[in-house]
2 protein chains.
Amino acid sequence: MTAALTAHELIARHRPTLDQALEAIRTRAYWSPHPEHPKAYGEHGSLDAAAGKAAFEALLGTRLDLGQPGTDDWVGDEVSPYGVELGVTYPHADVDVLLPAMRAGQRAWRDAGPETRALVCLEILKRISDRTHEFAHAVMHTSGQAFMMAFQAGGPHAQDRGLEAVAYAYAEQVRTPGTAEWTKPQGRRDPLALTKTFTPVPRGIGLVIGCNTFPTWNGYPGLFASLATGNAVLVKPHPRAVLPLALTVRVAREVLAGTGFDPNLVALAAERPGEGIARTLATRPEIRIIDYTGSTSFGDWLEANARQAQVYTEKAGVNTVIVESTGDYRGMLANLAFSLSLYSGQMCTTPQNLLIPRDGVSTDEGPKSYDEVVADLARAVEGLLGDDARANALLGAIVNPDVKARLEAAASLGEVALASREVTNPEFPDAVVRTPVIVKLDGAKPEDEAVCMSECFGPVSFAVAVDSAAHAVELLRRSIREKGAMTVGAYTTDAGVEQAVEEVCLEEAAQLSLNLTGGVYVNQTAAFSDFHGSGGNPAANAALCDGAFVANRFRVVEVRREA
Amino acid sequence: MTAALTAHELIARHRPTLDQALEAIRTRAYWSPHPEHPKAYGEHGSLDAAAGKAAFEALLGTRLDLGQPGTDDWVGDEVSPYGVELGVTYPHADVDVLLPAMRAGQRAWRDAGPETRALVCLEILKRISDRTHEFAHAVMHTSGQAFMMAFQAGGPHAQDRGLEAVAYAYAEQVRTPGTAEWTKPQGRRDPLALTKTFTPVPRGIGLVIGCNTFPTWNGYPGLFASLATGNAVLVKPHPRAVLPLALTVRVAREVLAGTGFDPNLVALAAERPGEGIARTLATRPEIRIIDYTGSTSFGDWLEANARQAQVYTEKAGVNTVIVESTGDYRGMLANLAFSLSLYSGQMCTTPQNLLIPRDGVSTDEGPKSYDEVVADLARAVEGLLGDDARANALLGAIVNPDVKARLEAAASLGEVALASREVTNPEFPDAVVRTPVIVKLDGAKPEDEAVCMSECFGPVSFAVAVDSAAHAVELLRRSIREKGAMTVGAYTTDAGVEQAVEEVCLEEAAQLSLNLTGGVYVNQTAAFSDFHGSGGNPAANAALCDGAFVANRFRVVEVRREA
C-alpha cells in the first residue's frame, strides 16, 4: 500500500459490501463476495494460481518480520502434514513490551467509530482475499487440508466468516445512536432536557488462540469481531499452524498503517516449542477477550481461569447422525460417505456416531438390515475414495501423530466394517493420508456406549446399533447434553421421528440437518446463513455468528449534559 | 383475569406499546407509557391511592398463597424500615419439586415465539402498573424509600426497565428470521437449495436474586429479559424485601394462566431466616441464567461458582463527583445536595467521593476555597432537609442496621463537615431517619485515600481535597478501575478538564454526568435512554439494558432441509 486510504475512499470501496452483509445476516439467504473458484482470481490486483503459489514458496525458509515492538527472538518450526519443512520464523514477543504497545493506538481506533473500523476491516479482508491462492497453500501446509479445501475453507469461507463478524459487530454498535436529545415534560414547569452522547468503547486487547486444523476459518470470527468493536487483537496461533495467521496479521498491520492507524493494534504471539504461552497470555490483565478453538480441557481451563476476560470457546463434541429411514438410500449413502471422508474426518463438524436401528432401516430400495446399511455405507466410502487422486483431493493429510494413533487404535474398539487404508500422495510422498475407518458398536452395551460417548477426533466413525428410533433419540439427547455437539444429522421419513429429533435439538440446543442427500453436507455451514455451533451445549459457548458473539466485546459509555 | 386472552387481543392491546419501546431504545429520546404522577391512577381498571393503600393493608398478616407446586412451608418475617411488621408469609419451596414443575411449561412457552412472549410480558407489566399504588406501599415498607420515591422508582420506573428489557429481548430474537430459503448457484449445475428454520430456544430457568433497596427496579430487567427469551424464572427475593417481588410473581402467574400458559413458568423462592438458599439455587443444573444485585463478595462468588449459568451482576462501586469549577455555583450545590440526600444515599448510584481541589474552585460567584465549597454544600444539604416533613419525604428510612452503623462510624473517619441528624417521622415513629454526613478527607494522605477508595454504602460522603484537577482525574481513574463505579459526575468549565474526565470514563467504561445543575441528578437514570452501569468496570458486569444483557439468554437452533 503506497498512499494512505481516506475515510471517503474506504466508504466508496467497501460500504456497499458492508450493506450487503448486513442484509444477508438479516435474511440469511445465500450471499458471498468472495469467489470460491480458484480461476476467479488473477485480476483487479488479486494473485492468480501461479503467483499465489510463487508467493507462498518465496516465504519458505524466511524470517517473517512483522515489525512488531518487543521482538526478542525468532521462532517457528512448522512441518507441513505433507512433509515439507516450512522453515519460516516469526517474531517472539516480550509481552511486557508488546502489550503496552498494542494499547497505544486504541484511543484513535476507538474514536474512529464503528463505520470506519468496519471499513478498515473490510479492506483487510479484501487484501487477504486478493492473496487467497497464497493463503490456500499456507493453510494446506499447516492443516493438512487438500488444496481445494484449503483454498475454499481457508480462503473465501474464512473471509466470509470474518466479514460476517464485522457486520454483526457494526450492527451491534450502531443500535445505540451517537447522540440523543432527551426532553422530559414536567407539566407546567419547563421540561428537563439533556444532550447525551453514546460511545462504543473497547474492552481492551482480544486474544485469538488459533487451532491447527482451521487456522483462518476458526480464527477470523474472533479476530474481526474484536477488532471491529475497537479492541486491539493479539493472535496466538497453534504452533503447527502459524503461517496463515502470521500472513493475516501482516496484512492487517499493513492496512492499519495505510489507513492512518497504529499497526500494533494487531500483533502475532508466536511461541517457542513447549512454551505454552497461551496460559500466560490468557490471564494477563490487558487481555479482556479470548477466542479459542481447541480441546475441551484447555477450553474449560480458560473459562475457569481467564476470569478477567470474556471467553468464547469452541471445544470438542460428539456429533451424531440418526439413520432411521430414507426416501433416497443412494443419496443418503453418498452424502454420508462424503461427510465422513472430507478432510479425513478432522472437522469439528464431522459425524462420529451413526445411530442405526438394529432391526434395520426402511428405504426407497426396500428394507435394509443394520448390517446391510453399514456394508453399503462402507462400499460408498470405498467407491468415493477408490481412486487415489480423488482420495487425496478429498482426504488431505492426517494433521498430526495423535490423530494417526487414534485412527490406528480405533480398529480394536469393535468389529471393523470398513478398514482404513493408506493412500499414497505422489506429489508429497511423506504425507500421511488415510481413508476413514467405520467400527460397529452396540448401543445397548454399556462398554460400547462408553466408546461412542467420547470424542474420537479424526477419520473414525461408529455404526452404532440401537434398539429403536426412541433409543437413538435418547442417546442423541444424552450425548448432546453431556458431551456437546457441533452438528446433528438425521435421516427419516417418519414425521414422528423427525419431530422427536427436532425437539431434542431444540431442547439441547444443537444444529440439525435433516435428510441431506445432495451437495450440502452436515459438516459444512455457510456464513451469513448457517450458525456454526449453538453456544448452548458443551461443544461451544458461542455460535458463529450472532449478536451474543459481538455484543459483549465492547461497552457503551454515555456522557450526558444539560441541553 | 376471568376469560383467557387470545393472541389477537394481546396484539391489539400491546403491540403498539412494544413498537414504541422498540423505537425509544433506538432513538433514546424520552418515552414512558407508565405515568409518574400518583393521581394518574384510578381509571381504566387501575387502583387509585386509597384503593392501592387498602390493597396493601389487606395483605398484612396474611399468607400469600401463590399456588406453587412443592410448597413445604410458609415463611416470612419482614419488618418495614418504618417499623411495621408486615406479617406476610410466602411459600417455601421444595426445589426438587418446584424446579421440574417450572420446566413443564417451557416447551409451549418456547413454541409461542418472541412476539407472543413479549406481549404476555407487557400484559404482566400492565397489570402491575394498574396496581402501582399497592406496589408503592410494598416497596416503601421493604426498602425504606419514602412514599413518592417508592411510588415512582418502584412503580413506573421499574416497569419502564422491565419493558425496556422486553423490547431488547424481542428485538434480539427477531434479528434472525423464522425461516429462510438459501439457494447457492453452482455454475451450470442445479443450484444447491435449502429451507432453514431458526428457533430461539431458552437456556433453562433464570434465577433472579433480588436486593433490599430496589426490589422491583433492580429485579424487573432480569426477570423480564429471561422470561421474554423463553426461560422460566425463579425469583429469590431479599428476605427483607419479599413482598414487592411476591406480588410481581403473583401477577405474572395470573397472566400466564390467563393467556393459556403454565403459571409455573414464574415462581417465588422465599427462604427461612439464615437459610441462604441463593447459594443452593445458583449452582443447581436447572438454573442457566442468574441476575443478581447486591454485595461484591456474593456477586464474585456467583461469577466464580455458578459456572453452569450466565451470570449478570450489579455489585458495589465507588461513585465520584469531581468539583473543579462551575458556571452555576448555586445550581451545583442544590443538585449535589439533592443527590446526596435522596433515599439517604442508599442508592448504588449515589456519589460517595466529592473530589475538590485544595486550592479551591472557580465559580460564577468568584473563587471558592475548598473549605467554602464544603461548607456551602453542607449548608445546601441542611437547607434542603431543614424541614422535617420535606426531609422525611426525601430521605425515607435507613434500610437496615448495617447502614446505620456505617453512618455512625463515618464521623470518626475524618473532620465532619456536616453531621448527620436524626429526623422524626410523625407517621412512623419507629423509622430510623437520618440526614447525610459529609466527612473531609485529604486525598494526598494514604490513610484518607484508603478510606475513600472503599465503598461506604449509605448517607456518607467524603469531601476529598485533591492537589489538582489532574490528581482528581487520576484518583477517579484508579477508583473506577479498582473499585468500579455505577456513576461519575463532574463540574467543570474548563474544556481541558472536561476532556480529561471524559477520556477516563471512556477508557474505564463509566457513565458520566457533566455539570448537572437542574432537575436531573447523577444518581437517576431513565429507561429507554440512559444506561444503568456500563458492564465494563468492576461495579457491574452488565448494563441495563443493552443487547449484551439479552443476547445470551437464548440460543438459536437451526434446522435445515433440502428445498
# chains A, B, ... in the order shown; residues from 1 in each chain; ligands from 1
call {"tool": "select_by_dssp", "arguments": {"residues": "region 312-374 of chain B", "states": "strand (DSSP E)", "output": "VMD selection string"}}
result
chain B and resid 312 to 314 320 to 323 353 to 357 361 to 363 366 to 368
call {"tool": "select_by_dssp", "arguments": {"residues": "region 335-461 of chain B", "states": "helix (DSSP H, G or I)", "output": "PyMOL selection string"}}
result
chain B and resi 335-345+370-384+388-395+401-410+446-452
call {"tool": "residues_around", "arguments": {"residues": "Ser513 (chain A)", "least_positions_apart": "5", "cutoff": "7 Å", "atoms": "only C-alpha atoms", "output": "mmCIF file with N, CA, C and O atoms, in the first residue's frame"}}
result
data_model
loop_
_atom_site.group_PDB
_atom_site.id
_atom_site.type_symbol
_atom_site.label_atom_id
_atom_site.label_comp_id
_atom_site.auth_asym_id
_atom_site.auth_seq_id
_atom_site.Cartn_x
_atom_site.Cartn_y
_atom_site.Cartn_z
ATOM 1 N N VAL A 488 -25.770 -32.132 14.246
ATOM 2 C CA VAL A 488 -26.603 -33.331 14.336
ATOM 3 C C VAL A 488 -27.213 -33.536 12.960
ATOM 4 O O VAL A 488 -27.612 -32.564 12.297
ATOM 5 N N GLY A 489 -27.254 -34.777 12.515
ATOM 6 C CA GLY A 489 -27.937 -35.111 11.267
ATOM 7 C C GLY A 489 -28.973 -36.174 11.536
ATOM 8 O O GLY A 489 -28.882 -36.909 12.523
ATOM 9 N N ALA A 490 -29.966 -36.241 10.685
ATOM 10 C CA ALA A 490 -30.946 -37.322 10.809
ATOM 11 C C ALA A 490 -31.527 -37.628 9.443
ATOM 12 O O ALA A 490 -31.729 -36.713 8.622
ATOM 13 N N VAL A 522 -23.593 -32.260 6.222
ATOM 14 C CA VAL A 522 -23.866 -31.897 7.607
ATOM 15 C C VAL A 522 -22.677 -31.149 8.218
ATOM 16 O O VAL A 522 -22.850 -30.281 9.085
ATOM 17 N N VAL B 559 -32.703 -25.647 11.872
ATOM 18 C CA VAL B 559 -32.980 -26.945 11.259
ATOM 19 C C VAL B 559 -33.004 -26.714 9.755
ATOM 20 O O VAL B 559 -33.707 -25.822 9.271
ATOM 21 N N ARG B 560 -32.198 -27.465 9.042
ATOM 22 C CA ARG B 560 -32.168 -27.246 7.585
ATOM 23 C C ARG B 560 -32.477 -28.540 6.848
ATOM 24 O O ARG B 560 -32.099 -29.632 7.279
ATOM 25 N N ARG B 561 -33.204 -28.340 5.761
ATOM 26 C CA ARG B 561 -33.647 -29.444 4.916
ATOM 27 C C ARG B 561 -33.418 -29.038 3.471
ATOM 28 O O ARG B 561 -33.477 -27.853 3.144
#
call {"tool": "residues_around", "arguments": {"residues": "Thr349 (chain B)", "least_positions_apart": "6", "cutoff": "6 Å", "atoms": "only C-alpha atoms", "output": "list in words"}}
result
Met486, Thr487 and Asn523 of chain B
call {"tool": "closest_residue", "arguments": {"among": "A:Arg284, A:Lys236, A:His133, A:Arg203", "to": "chain B", "atoms": "only C-alpha atoms"}}
result
A:Arg203
call {"tool": "closest_atom_pairs", "arguments": {"of": "chain B", "to": "chain A", "cutoff": "7 Å", "atoms": "only C-alpha atoms", "output": "JSON lines"}}
result
{"residue": "B:Arg26", "atom": "CA", "partner": "A:Thr176", "partner_atom": "CA", "distance": 5.9}
{"residue": "B:Thr27", "atom": "CA", "partner": "A:Pro177", "partner_atom": "CA", "distance": 6.5}
{"residue": "B:Arg28", "atom": "CA", "partner": "A:Ala180", "partner_atom": "CA", "distance": 6.1}
{"residue": "B:Ala29", "atom": "CA", "partner": "A:Trp182", "partner_atom": "CA", "distance": 4.7}
{"residue": "B:Tyr30", "atom": "CA", "partner": "A:Trp182", "partner_atom": "CA", "distance": 5.1}
{"residue": "B:Arg175", "atom": "CA", "partner": "A:Arg26", "partner_atom": "CA", "distance": 6.2}
{"residue": "B:Thr176", "atom": "CA", "partner": "A:Arg26", "partner_atom": "CA", "distance": 5.9}
{"residue": "B:Pro177", "atom": "CA", "partner": "A:Thr27", "partner_atom": "CA", "distance": 6.5}
{"residue": "B:Ala180", "atom": "CA", "partner": "A:Arg28", "partner_atom": "CA", "distance": 6.1}
{"residue": "B:Glu181", "atom": "CA", "partner": "A:Ala29", "partner_atom": "CA", "distance": 6.0}
{"residue": "B:Trp182", "atom": "CA", "partner": "A:Ala29", "partner_atom": "CA", "distance": 4.7}
{"residue": "B:Thr183", "atom": "CA", "partner": "A:Tyr30", "partner_atom": "CA", "distance": 5.7}
{"residue": "B:Lys184", "atom": "CA", "partner": "A:Tyr30", "partner_atom": "CA", "distance": 5.8}
{"residue": "B:Leu192", "atom": "CA", "partner": "A:Gly519", "partner_atom": "CA", "distance": 6.7}
{"residue": "B:Val201", "atom": "CA", "partner": "A:Leu506", "partner_atom": "CA", "distance": 6.4}
{"residue": "B:Leu506", "atom": "CA", "partner": "A:Val557", "partner_atom": "CA", "distance": 6.1}
{"residue": "B:Ala509", "atom": "CA", "partner": "A:Val557", "partner_atom": "CA", "distance": 5.9}
{"residue": "B:Ala510", "atom": "CA", "partner": "A:Val557", "partner_atom": "CA", "distance": 6.2}
{"residue": "B:Gln511", "atom": "CA", "partner": "A:Glu558", "partner_atom": "CA", "distance": 5.2}
{"residue": "B:Leu512", "atom": "CA", "partner": "A:Val559", "partner_atom": "CA", "distance": 4.8}
{"residue": "B:Ser513", "atom": "CA", "partner": "A:Arg560", "partner_atom": "CA", "distance": 4.9}
{"residue": "B:Leu514", "atom": "CA", "partner": "A:Arg561", "partner_atom": "CA", "distance": 5.1}
{"residue": "B:Asn515", "atom": "CA", "partner": "A:Arg561", "partner_atom": "CA", "distance": 6.5}
{"residue": "B:Leu516", "atom": "CA", "partner": "A:Glu562", "partner_atom": "CA", "distance": 6.3}
{"residue": "B:Gly519", "atom": "CA", "partner": "A:Leu192", "partner_atom": "CA", "distance": 6.7}
{"residue": "B:Ser534", "atom": "CA", "partner": "A:Arg555", "partner_atom": "CA", "distance": 6.3}
{"residue": "B:Gly535", "atom": "CA", "partner": "A:Arg555", "partner_atom": "CA", "distance": 6.8}
{"residue": "B:Gly536", "atom": "CA", "partner": "A:Arg555", "partner_atom": "CA", "distance": 6.2}
{"residue": "B:Gly547", "atom": "CA", "partner": "A:Ala551", "partner_atom": "CA", "distance": 6.0}
{"residue": "B:Ala548", "atom": "CA", "partner": "A:Ala551", "partner_atom": "CA", "distance": 4.8}
{"residue": "B:Ala551", "atom": "CA", "partner": "A:Ala548", "partner_atom": "CA", "distance": 4.8}
{"residue": "B:Asn552", "atom": "CA", "partner": "A:Ala548", "partner_atom": "CA", "distance": 5.4}
{"residue": "B:Arg555", "atom": "CA", "partner": "A:Gly536", "partner_atom": "CA", "distance": 6.1}
{"residue": "B:Val556", "atom": "CA", "partner": "A:Ser534", "partner_atom": "CA", "distance": 6.6}
{"residue": "B:Val557", "atom": "CA", "partner": "A:Gln511", "partner_atom": "CA", "distance": 5.6}
{"residue": "B:Glu558", "atom": "CA", "partner": "A:Gln511", "partner_atom": "CA", "distance": 5.2}
{"residue": "B:Val559", "atom": "CA", "partner": "A:Leu512", "partner_atom": "CA", "distance": 4.7}
{"residue": "B:Arg560", "atom": "CA", "partner": "A:Ser513", "partner_atom": "CA", "distance": 5.0}
{"residue": "B:Arg561", "atom": "CA", "partner": "A:Leu514", "partner_atom": "CA", "distance": 5.1}
{"residue": "B:Glu562", "atom": "CA", "partner": "A:Leu516", "partner_atom": "CA", "distance": 6.3}
call {"tool": "residues_around", "arguments": {"residues": "Ser129 (chain A)", "least_positions_apart": "2", "cutoff": "10 Å", "atoms": "only C-alpha atoms", "output": "list in words"}}
result
Pro33, His34, Pro35, Tyr41, Ser46, Leu47, Glu123, Ile124, Leu125, Lys126, Arg127, Arg131, Thr132, His133, Glu134, Phe135, Gly155, Pro156, Ala158, Gln159 and Asp160 of chain A
call {"tool": "write_last_selection", "arguments": {"atoms": "N, CA, C and O atoms", "output": "short mmCIF file (atom, residue, chain, number, x, y, z; two decimals), in the first residue's frame"}}
result
data_model
loop_
_atom_site.label_atom_id
_atom_site.label_comp_id
_atom_site.auth_asym_id
_atom_site.auth_seq_id
_atom_site.Cartn_x
_atom_site.Cartn_y
_atom_site.Cartn_z
N PRO A 33 -19.26 -12.33 -1.09
CA PRO A 33 -18.49 -11.52 -2.03
C PRO A 33 -17.15 -12.17 -2.39
O PRO A 33 -16.39 -11.58 -3.16
N HIS A 34 -16.90 -13.35 -1.86
CA HIS A 34 -15.58 -13.97 -2.03
C HIS A 34 -15.70 -15.19 -2.94
O HIS A 34 -16.26 -16.21 -2.53
N PRO A 35 -15.15 -15.13 -4.15
CA PRO A 35 -15.32 -16.23 -5.10
C PRO A 35 -14.71 -17.52 -4.59
O PRO A 35 -13.64 -17.53 -4.00
N TYR A 41 -9.57 -15.72 -9.56
CA TYR A 41 -8.54 -14.81 -9.05
C TYR A 41 -7.50 -14.55 -10.14
O TYR A 41 -7.27 -15.39 -11.00
N SER A 46 -5.62 -9.20 -7.66
CA SER A 46 -5.52 -10.45 -6.90
C SER A 46 -4.51 -11.39 -7.56
O SER A 46 -4.27 -11.30 -8.77
N LEU A 47 -3.95 -12.24 -6.75
CA LEU A 47 -2.95 -13.19 -7.26
C LEU A 47 -3.64 -14.37 -7.93
O LEU A 47 -4.55 -14.95 -7.36
N GLU A 123 -11.27 -3.71 4.30
CA GLU A 123 -10.07 -3.55 3.47
C GLU A 123 -9.05 -4.67 3.78
O GLU A 123 -8.42 -5.22 2.87
N ILE A 124 -8.94 -5.00 5.06
CA ILE A 124 -8.05 -6.12 5.43
C ILE A 124 -8.52 -7.41 4.74
O ILE A 124 -7.74 -8.13 4.12
N LEU A 125 -9.82 -7.65 4.83
CA LEU A 125 -10.36 -8.87 4.22
C LEU A 125 -10.19 -8.87 2.71
O LEU A 125 -9.91 -9.91 2.10
N LYS A 126 -10.32 -7.68 2.10
CA LYS A 126 -10.15 -7.60 0.65
C LYS A 126 -8.72 -7.95 0.26
O LYS A 126 -8.48 -8.67 -0.71
N ARG A 127 -7.77 -7.45 1.03
CA ARG A 127 -6.37 -7.72 0.69
C ARG A 127 -6.01 -9.17 0.98
O ARG A 127 -5.15 -9.75 0.32
N ARG A 131 -5.06 -12.36 -1.93
CA ARG A 131 -3.94 -13.30 -1.80
C ARG A 131 -4.45 -14.70 -1.47
O ARG A 131 -3.73 -15.51 -0.87
N THR A 132 -5.70 -15.00 -1.83
CA THR A 132 -6.31 -16.28 -1.45
C THR A 132 -5.46 -17.48 -1.90
O THR A 132 -5.32 -18.45 -1.16
N HIS A 133 -4.89 -17.40 -3.10
CA HIS A 133 -4.06 -18.53 -3.55
C HIS A 133 -2.86 -18.74 -2.63
O HIS A 133 -2.49 -19.88 -2.33
N GLU A 134 -2.24 -17.65 -2.21
CA GLU A 134 -1.10 -17.77 -1.29
C GLU A 134 -1.55 -18.35 0.06
O GLU A 134 -0.94 -19.27 0.60
N PHE A 135 -2.67 -17.84 0.58
CA PHE A 135 -3.21 -18.36 1.84
C PHE A 135 -3.58 -19.84 1.71
O PHE A 135 -3.43 -20.61 2.65
N GLY A 155 -9.87 -19.89 2.51
CA GLY A 155 -9.94 -18.63 1.79
C GLY A 155 -11.31 -17.99 1.88
O GLY A 155 -11.66 -17.41 2.92
N PRO A 156 -12.11 -18.11 0.80
CA PRO A 156 -13.40 -17.38 0.79
C PRO A 156 -14.31 -17.69 1.98
O PRO A 156 -14.96 -16.78 2.50
N ALA A 158 -13.51 -18.62 5.05
CA ALA A 158 -12.97 -17.95 6.24
C ALA A 158 -13.20 -16.44 6.15
O ALA A 158 -13.57 -15.79 7.13
N GLN A 159 -12.96 -15.90 4.95
CA GLN A 159 -13.18 -14.46 4.76
C GLN A 159 -14.66 -14.11 4.98
O GLN A 159 -14.98 -13.07 5.57
N ASP A 160 -15.55 -14.99 4.50
CA ASP A 160 -16.98 -14.78 4.76
C ASP A 160 -17.25 -14.71 6.26
O ASP A 160 -18.00 -13.84 6.72
#
call {"tool": "residues_around", "arguments": {"residues": "Gly105 (chain A)", "least_positions_apart": "4", "cutoff": "10 Å", "atoms": "only C-alpha atoms", "output": "list in words"}}
result
Pro100, Ala101, Trp109, Arg110, Asn231, Ala232, Phe261, Asp262, Pro263, Asn264 and Leu265 of chain A
call {"tool": "write_last_selection", "arguments": {"atoms": "C-alpha atoms", "output": "compact mmCIF listing (two decimals), in the first residue's frame"}}
result
# COMPACT_ATOMS: atom_id res chain seq x y z
CA PRO A 100 1.54 -1.85 26.17
CA ALA A 101 2.48 -1.02 22.59
CA TRP A 109 -9.12 3.33 16.85
CA ARG A 110 -11.98 3.86 19.32
CA ASN A 231 -10.17 -3.73 20.60
CA ALA A 232 -6.57 -4.46 19.74
CA PHE A 261 -3.93 3.77 12.42
CA ASP A 262 -1.33 2.14 14.62
CA PRO A 263 -0.28 -1.20 13.10
CA ASN A 264 0.31 -2.54 16.61
CA LEU A 265 -3.44 -2.84 17.01
call {"tool": "closest_residue", "arguments": {"among": "B:Ile209, B:Leu342, B:Leu377, B:Leu163", "to": "Gly276 (chain B)", "atoms": "only C-alpha atoms"}}
result
B:Ile209
call {"tool": "closest_atom_pairs", "arguments": {"of": "region 351-439 of chain B", "to": "region 317-338 of chain B", "cutoff": "12 Å", "atoms": "only C-alpha atoms", "output": "tab-separated table"}}
result
residue	atom	partner	partner_atom	distance
B:Pro351	CA	B:Asn319	CA	4.8
B:Gln352	CA	B:Asn319	CA	5.3
B:Asn353	CA	B:Thr320	CA	4.7
B:Leu354	CA	B:Val321	CA	4.9
B:Leu355	CA	B:Ile322	CA	4.7
B:Ile356	CA	B:Val323	CA	5.2
B:Pro357	CA	B:Glu324	CA	6.6
B:Arg358	CA	B:Glu324	CA	10.2
B:Asp359	CA	B:Glu324	CA	10.1
B:Gly360	CA	B:Glu324	CA	8.0
B:Val361	CA	B:Ser325	CA	5.1
B:Ser362	CA	B:Ser325	CA	4.7
B:Thr363	CA	B:Thr326	CA	4.9
B:Asp364	CA	B:Gly327	CA	4.8
B:Glu365	CA	B:Tyr329	CA	6.8
B:Gly366	CA	B:Tyr329	CA	9.3
B:Pro367	CA	B:Ser325	CA	8.9
B:Lys368	CA	B:Ser325	CA	9.3
B:Ser369	CA	B:Glu324	CA	11.1
B:Tyr370	CA	B:Val323	CA	9.8
B:Glu372	CA	B:Tyr329	CA	11.6
B:Val373	CA	B:Leu333	CA	8.6
B:Val374	CA	B:Leu333	CA	9.6
B:Ala375	CA	B:Leu333	CA	10.4
B:Asp376	CA	B:Leu333	CA	7.3
B:Leu377	CA	B:Leu333	CA	5.5
B:Ala378	CA	B:Ala337	CA	7.9
B:Arg379	CA	B:Ala337	CA	8.9
B:Ala380	CA	B:Ala337	CA	5.9
B:Val381	CA	B:Ala337	CA	4.8
B:Glu382	CA	B:Ala337	CA	8.5
B:Gly383	CA	B:Ala337	CA	9.0
B:Leu384	CA	B:Ala337	CA	7.2
B:Leu385	CA	B:Ala337	CA	9.2
B:Arg390	CA	B:Phe338	CA	11.6
B:Ala391	CA	B:Phe338	CA	10.7
B:Ala393	CA	B:Phe338	CA	11.9
B:Leu394	CA	B:Phe338	CA	8.4
B:Leu395	CA	B:Phe338	CA	9.8
B:Leu418	CA	B:Ala337	CA	11.5
B:Thr435	CA	B:Ala337	CA	10.8
B:Pro436	CA	B:Ala337	CA	9.5
B:Val437	CA	B:Ala337	CA	11.3
B:Ile438	CA	B:Ala337	CA	10.7
call {"tool": "closest_residue", "arguments": {"among": "B:Ala405, B:Ile290, B:Ala495, B:Met347", "to": "Ala153 (chain B)", "atoms": "only C-alpha atoms"}}
result
B:Met347
call {"tool": "decode", "arguments": {"residues": "region 144-149 of chain A", "atoms": "all heavy atoms", "output": "mmCIF file, in the first residue's frame"}}
result
data_model
loop_
_atom_site.group_PDB
_atom_site.id
_atom_site.type_symbol
_atom_site.label_atom_id
_atom_site.label_comp_id
_atom_site.auth_asym_id
_atom_site.auth_seq_id
_atom_site.Cartn_x
_atom_site.Cartn_y
_atom_site.Cartn_z
ATOM 1 N N GLY A 144 -2.996 -29.595 6.710
ATOM 2 C CA GLY A 144 -3.087 -30.870 6.021
ATOM 3 C C GLY A 144 -4.323 -30.988 5.142
ATOM 4 O O GLY A 144 -4.581 -32.041 4.555
ATOM 5 N N GLN A 145 -5.116 -29.927 5.057
ATOM 6 C CA GLN A 145 -6.245 -29.978 4.133
ATOM 7 C C GLN A 145 -5.735 -30.130 2.698
ATOM 8 O O GLN A 145 -4.648 -29.647 2.360
ATOM 9 C CB GLN A 145 -7.072 -28.686 4.226
ATOM 10 C CG GLN A 145 -7.852 -28.555 5.523
ATOM 11 C CD GLN A 145 -8.518 -27.202 5.664
ATOM 12 O OE1 GLN A 145 -8.805 -26.537 4.666
ATOM 13 N NE2 GLN A 145 -8.762 -26.785 6.898
ATOM 14 N N ALA A 146 -6.531 -30.827 1.879
ATOM 15 C CA ALA A 146 -6.207 -30.884 0.459
ATOM 16 C C ALA A 146 -6.326 -29.478 -0.137
ATOM 17 O O ALA A 146 -7.003 -28.613 0.432
ATOM 18 C CB ALA A 146 -7.159 -31.843 -0.251
ATOM 19 N N PHE A 147 -5.662 -29.284 -1.300
ATOM 20 C CA PHE A 147 -5.559 -27.916 -1.796
ATOM 21 C C PHE A 147 -6.919 -27.248 -1.975
ATOM 22 O O PHE A 147 -7.123 -26.110 -1.526
ATOM 23 C CB PHE A 147 -4.792 -27.848 -3.120
ATOM 24 C CG PHE A 147 -4.744 -26.440 -3.649
ATOM 25 C CD1 PHE A 147 -3.843 -25.511 -3.115
ATOM 26 C CD2 PHE A 147 -5.625 -26.000 -4.645
ATOM 27 C CE1 PHE A 147 -3.823 -24.206 -3.565
ATOM 28 C CE2 PHE A 147 -5.613 -24.687 -5.095
ATOM 29 C CZ PHE A 147 -4.703 -23.793 -4.554
ATOM 30 N N MET A 148 -7.846 -27.951 -2.622
ATOM 31 C CA MET A 148 -9.116 -27.274 -2.922
ATOM 32 C C MET A 148 -9.868 -26.897 -1.649
ATOM 33 O O MET A 148 -10.484 -25.835 -1.572
ATOM 34 C CB MET A 148 -9.987 -28.164 -3.807
ATOM 35 C CG MET A 148 -11.243 -27.480 -4.293
ATOM 36 S SD MET A 148 -10.917 -25.889 -5.119
ATOM 37 C CE MET A 148 -10.954 -26.429 -6.824
ATOM 38 N N MET A 149 -9.804 -27.761 -0.651
ATOM 39 C CA MET A 149 -10.467 -27.429 0.603
ATOM 40 C C MET A 149 -9.732 -26.283 1.307
ATOM 41 O O MET A 149 -10.374 -25.367 1.847
ATOM 42 C CB MET A 149 -10.499 -28.642 1.517
ATOM 43 C CG MET A 149 -11.192 -28.342 2.829
ATOM 44 S SD MET A 149 -11.493 -29.856 3.738
ATOM 45 C CE MET A 149 -12.232 -29.159 5.213
#
